[in-house]
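The block underneath contains the structure these notes are about, expressed in structure tokens.
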Amino acid sequence: MTTELKKKVSRVTLGTHRGRKLVVSFVPGDCVEIREKGRRTVETVSIAWLYDLYDQAIISRVAREKFLKKQARKNKLTR
């Protein structure tokens with residue numbers, strides 16, 4: 001069950017970017033804010049691009065599944 005976003009939610013990344021951890025915030029109004037930990041400069045992005053990213057992830061997954069299935073059939077025939 002998911003909850004509608006009504007207040008800003010921030011998390012610190014596990015990895016680093018150029019030696020600093022990133023703080024990622026989901027903001028009501030369908031925006032994502034990213035900044036370096038310890039810095040004040042914030043980059044804001046609309047999440048509209050996530051829809052395209054999601055579509056690309058699905059296309060990539062399906063292509064990989066087709067490739068693996070084809071390889072399995074090919075290996076089965078050569079044995």
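So you can find residues: chains in the structure tokens are A, B, ... in the order shown, residues in each start at 1, and ligands are numbered from 1 in order.
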Might you pull out every residue within 6 Å of Glu33 (chain A), with only C-alpha atoms counted and same-chain residues fewer than 2 positions away left off, and present them as a PyMOL selection string? chain A and resi 24-25+43-44
Could you save the residues just selected, with C-alpha atoms, as a compact mmCIF listing (two decimals), in the first residue's frame?
# COMPACT_ATOMS: atom_id res chain seq x y z
CA VAL A 24 17.54 12.98 -2.72
CA SER A 25 14.19 14.51 -1.75
CA GLU A 43 18.87 20.81 -8.41
CA THR A 44 15.14 20.27 -8.96
Who sits within 10 Å of Pro28 (chain A), only C-alpha atoms, same chain under 2 positions skipped, as a list in words: Glu4, Leu5, Lys6, Lys7, Lys8, Val9, Ser25, Phe26, Asp30, Cys31 and Val32 of chain A
Store the residues of this selection in a file with C-alpha atoms, as a PDB file, in the first residue's frame.
ATOM      1  CA  GLU A   4       0.176   9.986  -1.239  1.00  0.00           C
ATOM      2  CA  LEU A   5       3.078  12.394  -0.876  1.00  0.00           C
ATOM      3  CA  LYS A   6       2.019  15.317   1.307  1.00  0.00           C
ATOM      4  CA  LYS A   7       5.355  16.400   2.755  1.00  0.00           C
ATOM      5  CA  LYS A   8       8.989  16.386   1.663  1.00  0.00           C
ATOM      6  CA  VAL A   9      10.789  13.047   2.134  1.00  0.00           C
ATOM      7  CA  SER A  25      14.185  14.506  -1.754  1.00  0.00           C
ATOM      8  CA  PHE A  26      10.732  13.784  -3.106  1.00  0.00           C
ATOM      9  CA  ASP A  30       5.837  15.747  -8.488  1.00  0.00           C
ATOM     10  CA  CYS A  31       9.383  17.057  -8.146  1.00  0.00           C
ATOM     11  CA  VAL A  32      12.677  15.496  -7.104  1.00  0.00           C
TER      12      VAL A  32
END
Please report, as a ChimeraX atom specification, each residue of chain A to which DSSP assigns alpha helix (DSSP H) when run on this structure's backbone.
-> /A:48-78
Q) Per DSSP on the backbone, what are the strand (DSSP E) residues of chain A, as a ChimeraX atom specification? A) /A:9-17,20-27,31-36,43-46
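The residue set within 9 Å of region 35-42 of chain A, counting only C-alpha atoms and dropping same-chain residues fewer than 3 places from it, reads Val12, His17, Arg20, Lys21, Leu22, Val23, Val24 and Ser25 of chain A.
The coordinates place CA of Thr16 (chain A) at 22.1 Å from CA of Ile47 (chain A).
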For Thr13 (chain A), the closest of A:Leu50, A:Gly29, A:Ile34, A:Ala72 counting only C-alpha atoms is A:Ile34
